[in-house]
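J.: Here you go, query08.txt (compact mmCIF, C-alpha atoms):
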```txt
# COMPACT_ATOMS: atom_id res chain seq x y z
CA MET U 105 77.56 77.39 94.14
CA ASN U 106 79.64 77.94 97.29
CA THR U 107 83.21 76.88 96.72
CA SER U 108 85.15 79.43 98.76
CA PRO U 109 84.15 79.21 102.44
CA ILE U 110 87.22 81.20 103.54
CA TYR U 111 86.29 84.35 101.64
CA ASN U 112 82.59 83.91 102.24
CA SER U 113 83.44 84.37 105.93
CA ILE U 114 86.31 86.90 105.92
CA GLY U 115 85.80 88.91 102.75
CA ASN U 116 83.26 91.53 103.89
CA GLN U 117 85.65 94.51 103.90
CA TYR U 118 87.75 93.68 100.85
CA ALA U 119 86.20 96.26 98.56
CA ASN U 120 86.91 98.98 101.15
CA ASN U 121 90.39 98.03 102.37
CA ARG U 122 91.97 96.27 99.39
CA VAL U 123 92.13 99.18 96.98
CA PRO U 124 94.52 98.46 94.08
CA ASP U 125 97.80 100.33 94.40
CA PRO U 126 98.77 102.01 91.09
CA ARG U 127 102.47 101.21 91.55
CA VAL U 128 101.77 97.52 92.04
CA ALA U 129 99.29 97.65 89.16
CA ALA U 130 101.99 99.05 86.86
CA HIS U 131 104.09 95.90 87.33
CA ILE U 132 101.14 93.66 86.47
CA TRP U 133 99.85 95.67 83.52
CA ASN U 134 103.29 96.19 82.01
CA ALA U 135 103.78 92.42 81.99
CA MET U 136 100.68 92.06 79.78
CA GLY U 137 102.36 93.67 76.80
CA ASP U 138 99.94 93.96 73.88
CA ALA U 139 97.46 91.39 75.23
CA LYS U 140 93.84 92.14 74.43
CA THR U 141 91.99 89.37 76.29
CA VAL U 142 92.62 88.65 79.97
CA CYS U 143 91.35 85.99 82.37
CA ASN U 144 91.65 87.03 86.03
CA VAL U 145 91.70 83.85 88.13
CA GLY U 146 90.69 84.13 91.78
CA ALA U 147 89.55 87.61 90.87
CA GLY U 148 87.90 88.60 94.15
CA THR U 149 86.39 92.07 93.91
CA GLY U 150 88.24 92.87 90.69
CA SER U 151 91.50 94.36 91.89
CA TYR U 152 94.12 95.01 89.21
CA GLU U 153 91.87 94.18 86.29
CA PRO U 154 92.96 96.44 83.41
CA GLN U 155 90.25 98.74 82.13
CA ASP U 156 91.62 98.93 78.58
CA ARG U 157 91.38 95.21 77.79
CA GLN U 158 88.65 92.59 77.59
CA VAL U 159 88.61 90.90 81.00
CA THR U 160 86.84 87.73 82.10
CA ALA U 161 86.95 87.23 85.86
CA VAL U 162 86.87 83.86 87.58
CA GLU U 163 85.85 83.84 91.26
CA PRO U 164 84.30 81.09 93.42
CA SER U 165 83.05 83.22 96.35
CA ASP U 166 79.51 84.63 96.31
CA LEU U 167 80.50 87.33 98.81
CA MET U 168 83.43 88.56 96.76
CA ILE U 169 81.40 88.67 93.56
CA ALA U 170 78.68 90.67 95.34
CA GLN U 171 81.20 93.41 96.19
CA ARG U 172 82.14 94.04 92.56
CA SER U 173 80.77 97.18 90.94
CA ASP U 174 79.97 95.16 87.82
CA ALA U 175 79.61 91.39 87.89
CA THR U 176 78.58 90.92 84.26
CA ASN U 177 82.03 89.65 83.26
CA VAL U 178 82.35 87.14 86.14
CA VAL U 179 82.28 83.37 85.84
CA GLN U 180 81.79 81.58 89.15
CA ALA U 181 84.33 78.77 89.07
CA CYS U 182 87.59 77.54 90.63
CA ALA U 183 91.14 77.89 89.34
CA GLU U 184 91.55 74.13 89.16
CA SER U 185 88.79 73.78 86.57
CA LEU U 186 88.54 76.79 84.29
CA PRO U 187 85.50 76.54 81.98
CA PHE U 188 87.27 77.87 78.89
CA ALA U 189 88.71 76.56 75.65
CA ASP U 190 92.43 75.97 75.15
CA GLN U 191 94.34 79.20 74.49
CA GLN U 192 91.17 81.27 74.71
CA PHE U 193 92.96 84.25 76.30
CA ASP U 194 96.09 86.21 75.62
CA VAL U 195 96.82 86.42 79.36
CA ALA U 196 95.72 84.60 82.49
CA MET U 197 96.51 86.52 85.67
CA THR U 198 96.10 85.92 89.38
CA VAL U 199 96.78 88.36 92.19
CA LEU U 200 97.53 87.20 95.75
CA SER U 201 95.18 84.27 95.26
CA ILE U 202 97.29 81.18 94.59
CA HIS U 203 97.86 80.39 98.29
CA HIS U 204 94.10 79.89 98.69
CA TRP U 205 93.73 77.31 95.92
CA GLN U 206 93.06 73.68 96.77
CA ASP U 207 95.62 72.47 94.20
CA TYR U 208 97.89 75.27 93.02
CA GLN U 209 99.70 73.09 90.47
CA GLN U 210 96.46 72.12 88.79
CA GLY U 211 95.37 75.76 88.84
CA LEU U 212 98.61 76.83 87.18
CA ARG U 213 98.27 74.11 84.57
CA GLU U 214 94.78 75.41 83.83
CA MET U 215 96.11 78.94 83.44
CA LYS U 216 98.68 77.64 80.95
CA ARG U 217 96.01 75.71 79.08
CA VAL U 218 93.67 78.66 78.57
CA SER U 219 96.24 81.41 77.86
CA SER U 220 99.39 82.28 75.98
CA ARG U 221 100.92 84.19 78.90
CA GLN U 222 100.58 83.72 82.65
CA ILE U 223 101.07 86.47 85.25
CA ILE U 224 101.16 85.55 88.93
CA PHE U 225 101.52 88.13 91.70
CA THR U 226 102.28 86.28 94.92
CA PHE U 227 104.64 86.22 97.89
CA ASP U 228 107.64 84.13 98.87
CA PRO U 229 106.74 82.24 102.07
CA THR U 230 110.42 82.09 103.06
CA GLU U 231 110.39 85.91 103.32
CA THR U 232 107.37 86.16 105.62
CA ASP U 233 109.43 87.11 108.67
CA SER U 234 111.03 90.05 106.85
CA LEU U 235 107.99 92.00 108.08
CA TRP U 236 108.39 93.17 111.67
CA LEU U 237 104.76 92.34 112.44
CA ILE U 238 105.50 88.67 111.88
CA ARG U 239 109.04 88.59 113.23
CA ASP U 240 108.33 90.42 116.48
CA TYR U 241 104.64 89.85 117.19
CA LEU U 242 103.14 87.01 115.18
CA PRO U 243 105.78 84.33 114.49
CA GLU U 244 102.88 81.86 114.17
CA VAL U 245 102.34 83.25 110.67
CA ILE U 246 105.64 81.75 109.50
CA GLU U 247 104.37 78.20 109.90
CA PHE U 248 100.90 79.16 108.66
CA ASP U 249 102.21 80.69 105.43
CA SER U 250 104.71 77.90 104.81
CA GLY U 251 101.84 75.43 104.96
CA ARG U 252 99.59 77.18 102.47
CA ALA U 253 101.77 79.23 100.11
CA PRO U 254 103.81 77.50 97.40
CA SER U 255 107.46 78.43 97.04
CA ILE U 256 108.52 80.63 94.14
CA ASP U 257 110.67 77.78 92.82
CA SER U 258 107.72 75.38 92.80
CA ILE U 259 105.57 77.85 90.90
CA VAL U 260 108.29 78.37 88.29
CA GLU U 261 108.83 74.62 88.00
CA THR U 262 105.13 74.07 87.35
CA LEU U 263 104.95 76.84 84.76
CA GLY U 264 108.21 75.94 83.06
CA THR U 265 110.52 78.80 82.11
CA ALA U 266 109.41 81.98 83.86
CA LYS U 267 110.70 85.41 84.77
CA VAL U 268 110.60 86.40 88.45
CA GLU U 269 110.54 90.09 89.35
CA PRO U 270 110.58 91.55 92.88
CA VAL U 271 107.79 94.01 93.62
CA LEU U 272 108.79 96.54 96.26
CA ILE U 273 105.98 97.71 98.53
CA PRO U 274 105.55 101.50 98.85
CA TRP U 275 105.19 102.91 102.35
CA ASP U 276 101.73 104.29 101.58
CA CYS U 277 100.44 101.23 99.69
CA THR U 278 96.67 101.48 99.19
CA ASP U 279 96.13 97.73 98.89
CA GLY U 280 95.85 96.44 102.45
CA PHE U 281 97.58 93.08 102.15
CA GLN U 282 99.85 91.73 104.88
CA ALA U 283 102.90 93.97 104.41
CA ALA U 284 101.05 97.08 103.19
CA TYR U 285 101.31 98.93 106.50
CA TRP U 286 104.98 98.28 107.20
CA ARG U 287 105.60 101.99 107.93
CA ARG U 288 102.14 102.62 109.43
CA PRO U 289 102.03 100.25 112.42
CA GLY U 290 98.91 101.75 113.97
CA GLU U 291 96.82 100.44 111.07
CA TYR U 292 97.30 96.87 112.28
CA LEU U 293 95.46 97.80 115.48
CA LYS U 294 92.21 98.30 113.52
CA PRO U 295 89.92 95.22 113.40
CA GLU U 296 88.62 96.08 109.93
CA ILE U 297 92.17 96.21 108.58
CA ARG U 298 93.07 92.84 110.10
CA LEU U 299 89.90 91.28 108.69
CA SER U 300 91.07 92.21 105.18
CA ILE U 301 94.38 90.37 105.65
CA SER U 302 93.57 86.70 105.19
CA THR U 303 96.38 85.45 107.43
CA LEU U 304 95.30 87.55 110.40
CA ALA U 305 91.64 86.80 109.77
CA GLN U 306 92.29 83.04 109.89
CA LEU U 307 94.65 82.78 112.85
CA PRO U 308 93.11 82.00 116.26
CA ALA U 309 91.67 85.20 117.72
CA ASP U 310 93.56 84.89 121.01
CA ILE U 311 96.91 84.78 119.19
CA VAL U 312 96.11 87.88 117.14
CA GLU U 313 94.73 89.79 120.13
CA ARG U 314 97.86 89.04 122.14
CA ALA U 315 100.01 90.42 119.34
CA VAL U 316 97.82 93.51 118.89
CA LYS U 317 97.95 94.24 122.61
CA GLN U 318 101.75 94.05 122.61
CA LEU U 319 102.02 96.21 119.49
CA ALA U 320 99.75 98.85 121.04
CA ALA U 321 101.92 98.87 124.17
CA ASP U 322 105.13 99.18 122.14
CA LEU U 323 103.72 102.05 120.10
CA LYS U 324 102.69 103.87 123.27
CA SER U 325 106.07 103.36 124.94
CA GLY U 326 108.08 104.20 121.85
CA GLN U 327 109.63 100.74 121.73
CA TRP U 328 108.34 100.04 118.22
CA HIS U 329 109.80 103.26 116.83
CA SER U 330 113.11 102.63 118.58
CA ARG U 331 113.32 99.12 117.13
CA ASN U 332 112.23 100.13 113.61
CA ARG U 333 113.71 103.60 113.30
CA GLY U 334 115.43 102.78 110.02
CA LEU U 335 112.14 101.97 108.28
CA MET U 336 110.93 105.54 108.62
CA GLU U 337 113.62 106.70 106.18
CA LEU U 338 112.48 104.32 103.42
CA THR U 339 109.79 104.93 100.80
CA GLU U 340 109.59 101.31 99.56
CA LYS U 341 110.89 97.93 100.68
CA ASP U 342 111.15 94.31 99.55
CA PHE U 343 109.00 91.97 101.64
CA GLY U 344 109.14 88.98 99.31
CA TYR U 345 106.32 89.90 96.94
CA ARG U 346 107.06 88.60 93.46
CA LEU U 347 105.65 88.91 89.95
CA ILE U 348 106.09 85.71 87.95
CA VAL U 349 105.58 85.82 84.17
CA ALA U 350 105.57 82.77 81.92
CA SER U 351 104.46 81.84 78.40
CA SER U 352 102.76 78.69 77.16
```
Starting from the file, lay out its structure as structure tokens.
T.:
Amino acid sequence: MNTSPIYNSIGNQYANNRVPDPRVAAHIWNAMGDAKTVCNVGAGTGSYEPQDRQVTAVEPSDLMIAQRSDATNVVQACAESLPFADQQFDVAMTVLSIHHWQDYQQGLREMKRVSSRQIIFTFDPTETDSLWLIRDYLPEVIEFDSGRAPSIDSIVETLGTAKVEPVLIPWDCTDGFQAAYWRRPGEYLKPEIRLSISTLAQLPADIVERAVKQLAADLKSGQWHSRNRGLMELTEKDFGYRLIVASS
């Protein structure tokens, strides 16, 4: 079964560079309440799966499954067709995965069908340019994200009544998603870091290389630090990442 060509081509370094951040994890795990059974949809290498609950992971990519330390609890399937009974789980969760689904509304409906509570960690595509990397170097990402990532409002509408909570990103975030290095600009110069950020891994290479070259020049000249001096005083910042919690 090969149903995730994107991650079968870009996911090689995920286990190394996408290490769950405990502060982000706290938001997700706190939202689970007293849930005992959890379905992690679009589970990847297993990030943010709670160790104190019974977890069933759902992941379509062979490559991502191969990077898990233990694949015994993994079902290879897609979000849009979860092979489980109605209300089989206390919680269905998904972490930075929904923008890769073929039909996010169907995937959300499936999460509602198989669980009593749904937890979605995602990002608001209208906030993409709040990150200097996108605003100043890669504006192409704005159109790219708006074309693949559902709005927060559309997610809430599909789920029904839901609570939306902002998740601030710490300056030393260990999970290398797009905004993780907002106070560590030199990290974006590393090819292995960019490969673990799906947006940068999927954009045309010439566009990304142009941006990286300009960023390197601005770091050397001091232009980046002059332009972003205020960021160095912050320990966390809102870049549009949101935790959405709903109940069936």
J.: Work out how far apart CA of Thr339 (chain U) and CA of Val128 (chain U) are and give it in Å to one decimal.
T.: 14.0 Å
J.: What is the distance, in Å and to one decimal place, between CA of Tyr285 (chain U) and CA of Leu237 (chain U)?
T.: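 The value is 9.5 Å.
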J.: Figure out the distance between CA of Leu293 (chain U) and CA of Ser325 (chain U), please, to one decimal in Å.
T.: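 According to the coordinates, CA of Ser325 (chain U) and CA of Leu293 (chain U) are separated by 15.3 Å.
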J.: Using only C-alpha atoms, can you tell me which of U:Ala147, U:Cys277, U:Ala350, U:Val178 comes closest to Ile259 (chain U)?
T.: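 Of the candidates, the smallest distance to Ile259 (chain U) is held by U:Ala350.
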J.: Near Leu335 (chain U), within 12 Å and counting all atoms listed in the file, which residues show up once chain neighbours fewer than 2 positions away are dropped, as a list in words?
T.: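 Surrounding residues, per the criterion: Leu235, Trp236, Pro274, Trp275, Tyr285, Trp286, Arg287, Arg288, Pro289, Trp328, His329, Ser330, Arg331, Asn332, Arg333, Glu337, Leu338, Thr339, Glu340, Lys341 and Asp342 of chain U.
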J.: Of the candidates U:Ala175, U:Val260, U:Leu347, U:Leu272, which shows the shortest atom-to-atom distance to Leu212 (chain U), using all atoms listed in the file?
T.: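 Closest residue, counting all atoms listed in the file: U:Val260.
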J.: From the set U:Ser173, U:Asn144, U:Thr303, U:Gln318, which residue has the shortest atom-to-atom contact distance to Thr160 (chain U), counting all atoms listed in the file?
T.: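 Smallest separation from Thr160 (chain U) among the options: U:Asn144.
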J.: Smallest atom-to-atom distance to Ala139 (chain U): which of U:Pro164, U:Ser219, U:Gln206, U:Pro126, using all atoms listed in the file?
T.: U:Ser219
J.: Using only C-alpha atoms, find the one residue out of U:Glu313, U:Asp207, U:Asp125, U:Asp279 that sits nearest to Ser300 (chain U).
T.: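 Of U:Glu313, U:Asp207, U:Asp125, U:Asp279, the one nearest Ser300 (chain U) is U:Asp279, counting only C-alpha atoms.
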J.: Excluding Glu291 (chain U) and residues on its chain fewer than 6 positions from it, collect all residues at most 12 Å away from it, counting only C-alpha atoms, and give them as a PyMOL selection string.
T.: chain U and resi 121+237+276-278+280-285+297-301+316+319-320+323
J.: Give the answer as one residue: which of U:Pro124, U:Gly290, U:Gly137, U:Pro270 has the shortest atom-to-atom distance to Ser151 (chain U), using only C-alpha atoms?
T.: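 Answer, going by the shortest atom-to-atom distance: U:Pro124.
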J.: Need the shell around Asp174 (chain U): protein/DNA/RNA residues with any atom at most 10 Å away, counting all atoms listed in the file. Skip same-chain ones fewer than 5 positions apart. Format as a PyMOL selection string?
T.: chain U and resi 149-150+169
J.: With 5 Å added on each side, what axis-aligned box encloses every listed atom of region 227-239 of chain U? Give the centre and edge lengths in Å to one decimal, as JSON.
T.:
```
{"center_x": 107.8, "center_y": 87.6, "center_z": 105.6, "size_x": 16.4, "size_y": 21.1, "size_z": 25.3}
```
J.: Report as number ranges by chain all protein, DNA and RNA residues lying within 7 Å of region 198-202 of chain U, evaluated on all atoms listed in the file, omitting residues in the same chain fewer than 5 positions from it.
T.: U: 144-147, 208, 223-226
